[in-house]
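J.: Dropping a structure here in structure tokens format, bear with me for questions.
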Amino acid sequence: MAWETVNYSCGHSERQQFYGKHTERDRKKEWMERGVCPECYRAEKEQERQQENERAANLTNELGFTALTGSEKQIAWAVTIRQQCYEKVVANHTPHPTAGWNKIIAAINLETSAKWWIDNRSAIGTTALKLIGANHPAAFQALKEA
């Protein structure tokens with residue numbers, strides 16, 4: 001076990017404790033120095049999340065999705081999840097001959113709970129649409145028939 005100073009690529013330094021053989025410790029220190037420090041990494045990830053949330057919010061306004069209900073953080077996250085769901089459906093299918101993607105948007109608009117989108121975030125694409133259809137059978141059937 002040894003304590004060494006790691007000089008990250010972002011310019012920050014931090015003392016770290018390393019275990020194992022000298023070659024493994026040196027290899028791990030070199031690997032850590034090629035990356036950014038944990039604080040800068042968290043800041044980068046938070047900035048990426050904010051940019052994705054802003055992009056999803058802008059597209060939500062353009063496409064005409066309904067507003068979601070929930071806390072501010074839930075809504076920001078759920079809007080991104082909902083947008084990813086829509087984009088996956090669009091990427092994997094062809095538009096409806098007469099309605100285009102309007103039926104998909106109308107089906108997605110049936111679910112307005114941010115909590116629901118977060119809880120079902122792994123069910124993106126047509127799986128999410130099937131779950132929405134199960135939760136709102138009458139409205140979903142009306143969309144299919146229209």
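Chain labels run A, B, ... following the order of the structure tokens; each chain numbers its residues from 1, and ligands are numbered from 1 in the order shown.
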Would you list the contacts of segment 19-34 of chain A as a list of chain:residue names, taking every protein, DNA or RNA residue within 10 Å and counting only C-alpha atoms, but skipping same-chain residues closer than 6 positions in sequence?
T.: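 In the requested form, the answer reads A:Met1, A:Ala2, A:Trp3, A:Glu4, A:Thr5, A:Val6, A:Asn7, A:Tyr8, A:Ser9, A:Cys10, A:Gly11, A:His12, A:Ser13.
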J.: Suppose we keep C-alpha atoms; can you now write the selection as a CSV table (one decimal), in the first residue's frame?
T.:
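Saved the output as out-v1.csv:
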```
chain,number,residue,atom,x,y,z
A,1,MET,CA,0.0,0.0,0.0
A,2,ALA,CA,1.3,3.4,-1.0
A,3,TRP,CA,0.1,7.0,-1.0
A,4,GLU,CA,0.9,8.9,-4.2
A,5,THR,CA,-0.2,12.2,-5.7
A,6,VAL,CA,-2.2,11.8,-8.9
A,7,ASN,CA,-2.0,14.8,-11.3
A,8,TYR,CA,-5.2,14.6,-13.4
A,9,SER,CA,-5.4,15.8,-17.0
A,10,CYS,CA,-7.8,18.6,-15.8
A,11,GLY,CA,-4.9,20.1,-13.8
A,12,HIS,CA,-6.2,19.1,-10.3
A,13,SER,CA,-4.1,16.9,-8.0
```
J.: Which neighbours of Leu68 of chain A fall inside 10 Å, counting only C-alpha atoms, when residues of the same chain fewer than 2 positions from it are skipped, and could you give them as a ChimeraX atom specification?
T.: /A:65-66,70-72,74-76,78-79,109,111-117
J.: Keeping only N, CA and C atoms, write those residues as a CSV table (one decimal), in the first residue's frame.
T.:
```
chain,number,residue,atom,x,y,z
A,65,PHE,N,-45.8,17.8,-27.3
A,65,PHE,CA,-46.1,16.9,-26.1
A,65,PHE,C,-46.7,17.6,-25.0
A,66,THR,N,-47.6,16.9,-24.3
A,66,THR,CA,-48.2,17.6,-23.1
A,66,THR,C,-47.3,17.7,-22.0
A,70,GLY,N,-45.3,16.3,-11.8
A,70,GLY,CA,-44.3,15.8,-10.8
A,70,GLY,C,-43.4,16.9,-10.4
A,71,SER,N,-42.4,16.6,-9.7
A,71,SER,CA,-41.5,17.6,-9.2
A,71,SER,C,-40.6,18.1,-10.4
A,72,GLU,N,-40.0,19.2,-10.2
A,72,GLU,CA,-39.2,19.8,-11.2
A,72,GLU,C,-38.1,18.9,-11.7
A,74,GLN,N,-38.1,15.6,-11.4
A,74,GLN,CA,-38.7,14.4,-12.1
A,74,GLN,C,-39.1,14.8,-13.5
A,75,ILE,N,-39.7,16.0,-13.7
A,75,ILE,CA,-40.1,16.4,-15.0
A,75,ILE,C,-39.0,16.5,-16.0
A,76,ALA,N,-37.9,17.1,-15.5
A,76,ALA,CA,-36.7,17.3,-16.4
A,76,ALA,C,-36.2,16.0,-16.9
A,78,ALA,N,-37.9,13.0,-16.8
A,78,ALA,CA,-38.9,12.3,-17.6
A,78,ALA,C,-39.1,12.8,-19.0
A,79,VAL,N,-39.0,14.1,-19.2
A,79,VAL,CA,-39.1,14.7,-20.5
A,79,VAL,C,-38.0,14.1,-21.4
A,109,ASN,N,-48.7,11.1,-25.4
A,109,ASN,CA,-49.3,12.2,-24.6
A,109,ASN,C,-50.3,11.6,-23.6
A,111,GLU,N,-49.8,9.5,-21.4
A,111,GLU,CA,-49.2,9.3,-20.1
A,111,GLU,C,-48.5,10.6,-19.7
A,112,THR,N,-49.1,11.3,-18.6
A,112,THR,CA,-48.6,12.6,-18.2
A,112,THR,C,-47.8,12.6,-16.9
A,113,SER,N,-47.6,11.4,-16.3
A,113,SER,CA,-47.0,11.3,-15.0
A,113,SER,C,-45.5,11.2,-15.2
A,114,ALA,N,-44.7,12.1,-14.7
A,114,ALA,CA,-43.2,12.0,-14.8
A,114,ALA,C,-42.7,10.8,-14.0
A,115,LYS,N,-43.4,10.4,-12.9
A,115,LYS,CA,-43.0,9.2,-12.2
A,115,LYS,C,-43.2,8.0,-13.0
A,116,TRP,N,-44.2,7.9,-13.8
A,116,TRP,CA,-44.4,6.7,-14.7
A,116,TRP,C,-43.3,6.6,-15.7
A,117,TRP,N,-42.9,7.7,-16.3
A,117,TRP,CA,-41.8,7.7,-17.3
A,117,TRP,C,-40.5,7.2,-16.6
```
J.: Measuring atom to atom with only C-alpha atoms, identify which of A:Asn135, A:Gln16, A:Thr69, A:Gln83 is nearest to Asn53 of chain A.
T.: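 When distances to Asn53 of chain A are compared using only C-alpha atoms, the smallest one comes from A:Gln83.
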J.: One decimal, Å: what's the distance from atom CA of Tyr86 of chain A over to atom CA of Leu131 of chain A, could you say?
T.: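 If I compute the distance from atom CA of Tyr86 of chain A to atom CA of Leu131 of chain A, I get 14.0 Å.
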J.: Can you pull out every residue within 12 Å of segment 42-49 of chain A, counting only C-alpha atoms, but drop anything in the same chain fewer than 5 positions away, and send it as a list in words?
T.: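 Here the qualifying residues turn out to be Cys10, Val36, Cys37, Glu54, Arg55, Ala56, Lys73, Ala76, Trp77, Val79, Thr80 and Ile81 of chain A.
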J.: Only N, CA and C atoms, please: the residues just picked out, written as a PDB file, in the first residue's frame.
T.:
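Result saved to selection_21.pdb:
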```pdb
ATOM      1  N   CYS A  10      -7.049  17.351 -15.967  1.00  0.00           N
ATOM      2  CA  CYS A  10      -7.757  18.622 -15.824  1.00  0.00           C
ATOM      3  C   CYS A  10      -6.938  19.658 -15.057  1.00  0.00           C
ATOM      4  N   VAL A  36      -9.915  12.911 -15.930  1.00  0.00           N
ATOM      5  CA  VAL A  36     -10.159  14.103 -15.109  1.00  0.00           C
ATOM      6  C   VAL A  36     -10.463  13.675 -13.679  1.00  0.00           C
ATOM      7  N   CYS A  37     -10.340  14.596 -12.767  1.00  0.00           N
ATOM      8  CA  CYS A  37     -10.590  14.292 -11.354  1.00  0.00           C
ATOM      9  C   CYS A  37     -12.078  13.993 -11.139  1.00  0.00           C
ATOM     10  N   GLU A  54     -32.344  20.139 -21.839  1.00  0.00           N
ATOM     11  CA  GLU A  54     -32.740  21.323 -22.606  1.00  0.00           C
ATOM     12  C   GLU A  54     -33.136  20.933 -24.027  1.00  0.00           C
ATOM     13  N   ARG A  55     -32.361  20.043 -24.643  1.00  0.00           N
ATOM     14  CA  ARG A  55     -32.668  19.591 -26.001  1.00  0.00           C
ATOM     15  C   ARG A  55     -34.032  18.903 -26.028  1.00  0.00           C
ATOM     16  N   ALA A  56     -34.274  18.039 -25.041  1.00  0.00           N
ATOM     17  CA  ALA A  56     -35.553  17.335 -24.979  1.00  0.00           C
ATOM     18  C   ALA A  56     -36.702  18.311 -24.739  1.00  0.00           C
ATOM     19  N   LYS A  73     -37.387  18.221 -10.830  1.00  0.00           N
ATOM     20  CA  LYS A  73     -36.337  17.275 -11.224  1.00  0.00           C
ATOM     21  C   LYS A  73     -36.926  16.073 -11.947  1.00  0.00           C
ATOM     22  N   ALA A  76     -37.876  17.150 -15.514  1.00  0.00           N
ATOM     23  CA  ALA A  76     -36.713  17.312 -16.389  1.00  0.00           C
ATOM     24  C   ALA A  76     -36.198  15.959 -16.862  1.00  0.00           C
ATOM     25  N   TRP A  77     -36.121  15.003 -15.953  1.00  0.00           N
ATOM     26  CA  TRP A  77     -35.625  13.676 -16.297  1.00  0.00           C
ATOM     27  C   TRP A  77     -36.628  12.937 -17.192  1.00  0.00           C
ATOM     28  N   VAL A  79     -38.961  14.132 -19.177  1.00  0.00           N
ATOM     29  CA  VAL A  79     -39.057  14.711 -20.522  1.00  0.00           C
ATOM     30  C   VAL A  79     -37.974  14.119 -21.419  1.00  0.00           C
ATOM     31  N   THR A  80     -36.781  13.956 -20.869  1.00  0.00           N
ATOM     32  CA  THR A  80     -35.683  13.352 -21.629  1.00  0.00           C
ATOM     33  C   THR A  80     -35.990  11.894 -21.963  1.00  0.00           C
ATOM     34  N   ILE A  81     -36.511  11.156 -21.002  1.00  0.00           N
ATOM     35  CA  ILE A  81     -36.856   9.746 -21.223  1.00  0.00           C
ATOM     36  C   ILE A  81     -37.940   9.643 -22.299  1.00  0.00           C
TER      37      ILE A  81
END
```
J.: Enumerate, as a PyMOL selection string, the complete set of residues in segment 13-51 of chain A that a backbone-based DSSP assignment places in strand (DSSP E).
T.: chain A and resi 13-18
J.: Tell me, in Å to one decimal, how far atom CA of Phe18 of chain A is from atom CA of Glu39 of chain A.
T.: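 Taking atom CA of Phe18 of chain A as the start and atom CA of Glu39 of chain A as the end point, the length is 19.4 Å.
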J.: Closest to Ser122 of chain A among A:Ile105, A:Leu59, A:Cys85, A:Ala134, using only C-alpha atoms?
T.: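 Selected residue with least distance to Ser122 of chain A: A:Cys85.
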J.: Using DSSP secondary structure from the backbone, list all alpha helix (DSSP H) positions within segment 1-116 of chain A, as a VMD selection string.
T.: chain A and resid 22 to 34 38 to 63 72 to 92 102 to 109 114 to 116
J.: Could you write those residues out with C-alpha atoms, as a CSV table (one decimal), in the first residue's frame?
T.:
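And here's part.csv as it stands now:
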```csv
chain,number,residue,atom,x,y,z
A,22,HIS,CA,4.3,-1.8,-7.9
A,23,THR,CA,3.6,-2.4,-11.6
A,24,GLU,CA,-0.2,-2.5,-11.0
A,25,ARG,CA,0.0,0.6,-8.8
A,26,ASP,CA,2.0,2.5,-11.5
A,27,ARG,CA,-0.4,1.3,-14.2
A,28,LYS,CA,-3.5,2.5,-12.2
A,29,LYS,CA,-1.8,5.9,-11.4
A,30,GLU,CA,-1.0,6.4,-15.1
A,31,TRP,CA,-4.6,5.5,-16.1
A,32,MET,CA,-6.0,7.9,-13.5
A,33,GLU,CA,-3.8,10.7,-14.7
A,34,ARG,CA,-5.1,10.4,-18.3
A,38,PRO,CA,-13.8,13.0,-9.8
A,39,GLU,CA,-15.1,16.5,-9.2
A,40,CYS,CA,-14.6,17.6,-12.8
A,41,TYR,CA,-16.1,14.3,-14.0
A,42,ARG,CA,-19.3,15.0,-12.0
A,43,ALA,CA,-19.4,18.5,-13.4
A,44,GLU,CA,-19.0,17.3,-17.0
A,45,LYS,CA,-21.8,14.7,-16.5
A,46,GLU,CA,-24.1,17.2,-14.9
A,47,GLN,CA,-23.5,19.6,-17.8
A,48,GLU,CA,-24.3,16.8,-20.3
A,49,ARG,CA,-27.5,16.0,-18.5
A,50,GLN,CA,-28.6,19.6,-18.5
A,51,GLN,CA,-27.9,19.9,-22.2
A,52,GLU,CA,-29.8,16.7,-22.9
A,53,ASN,CA,-32.7,18.0,-20.8
A,54,GLU,CA,-32.7,21.3,-22.6
A,55,ARG,CA,-32.7,19.6,-26.0
A,56,ALA,CA,-35.6,17.3,-25.0
A,57,ALA,CA,-37.5,20.3,-23.6
A,58,ASN,CA,-37.1,22.2,-26.9
A,59,LEU,CA,-38.1,19.2,-29.0
A,60,THR,CA,-41.1,18.7,-26.6
A,61,ASN,CA,-42.3,22.1,-27.5
A,62,GLU,CA,-41.8,21.6,-31.2
A,63,LEU,CA,-43.6,18.2,-31.3
A,72,GLU,CA,-39.2,19.8,-11.2
A,73,LYS,CA,-36.3,17.3,-11.2
A,74,GLN,CA,-38.7,14.4,-12.1
A,75,ILE,CA,-40.1,16.4,-15.0
A,76,ALA,CA,-36.7,17.3,-16.4
A,77,TRP,CA,-35.6,13.7,-16.3
A,78,ALA,CA,-38.9,12.3,-17.6
A,79,VAL,CA,-39.1,14.7,-20.5
A,80,THR,CA,-35.7,13.4,-21.6
A,81,ILE,CA,-36.9,9.7,-21.2
A,82,ARG,CA,-40.1,10.5,-23.2
A,83,GLN,CA,-38.1,12.2,-25.9
A,84,GLN,CA,-35.7,9.1,-26.2
A,85,CYS,CA,-38.8,6.9,-26.4
A,86,TYR,CA,-40.2,8.9,-29.3
A,87,GLU,CA,-36.9,9.0,-31.1
A,88,LYS,CA,-36.5,5.2,-30.8
A,89,VAL,CA,-39.9,4.6,-32.2
A,90,VAL,CA,-39.2,7.0,-35.1
A,91,ALA,CA,-35.9,5.4,-35.8
A,92,ASN,CA,-37.3,1.9,-35.9
A,102,ASN,CA,-49.1,12.3,-34.9
A,103,LYS,CA,-50.6,9.1,-33.6
A,104,ILE,CA,-47.4,8.2,-31.8
A,105,ILE,CA,-47.3,11.7,-30.2
A,106,ALA,CA,-50.9,11.3,-29.2
A,107,ALA,CA,-50.3,7.9,-27.7
A,108,ILE,CA,-47.2,9.2,-25.8
A,109,ASN,CA,-49.3,12.2,-24.6
A,114,ALA,CA,-43.2,12.0,-14.8
A,115,LYS,CA,-43.0,9.2,-12.2
A,116,TRP,CA,-44.4,6.7,-14.7
```
J.: Tell me, in Å to one decimal, how far atom CA of Ala146 of chain A is from atom CA of Leu110 of chain A.
T.: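 If I compute the distance from atom CA of Ala146 of chain A to atom CA of Leu110 of chain A, I get 15.1 Å.
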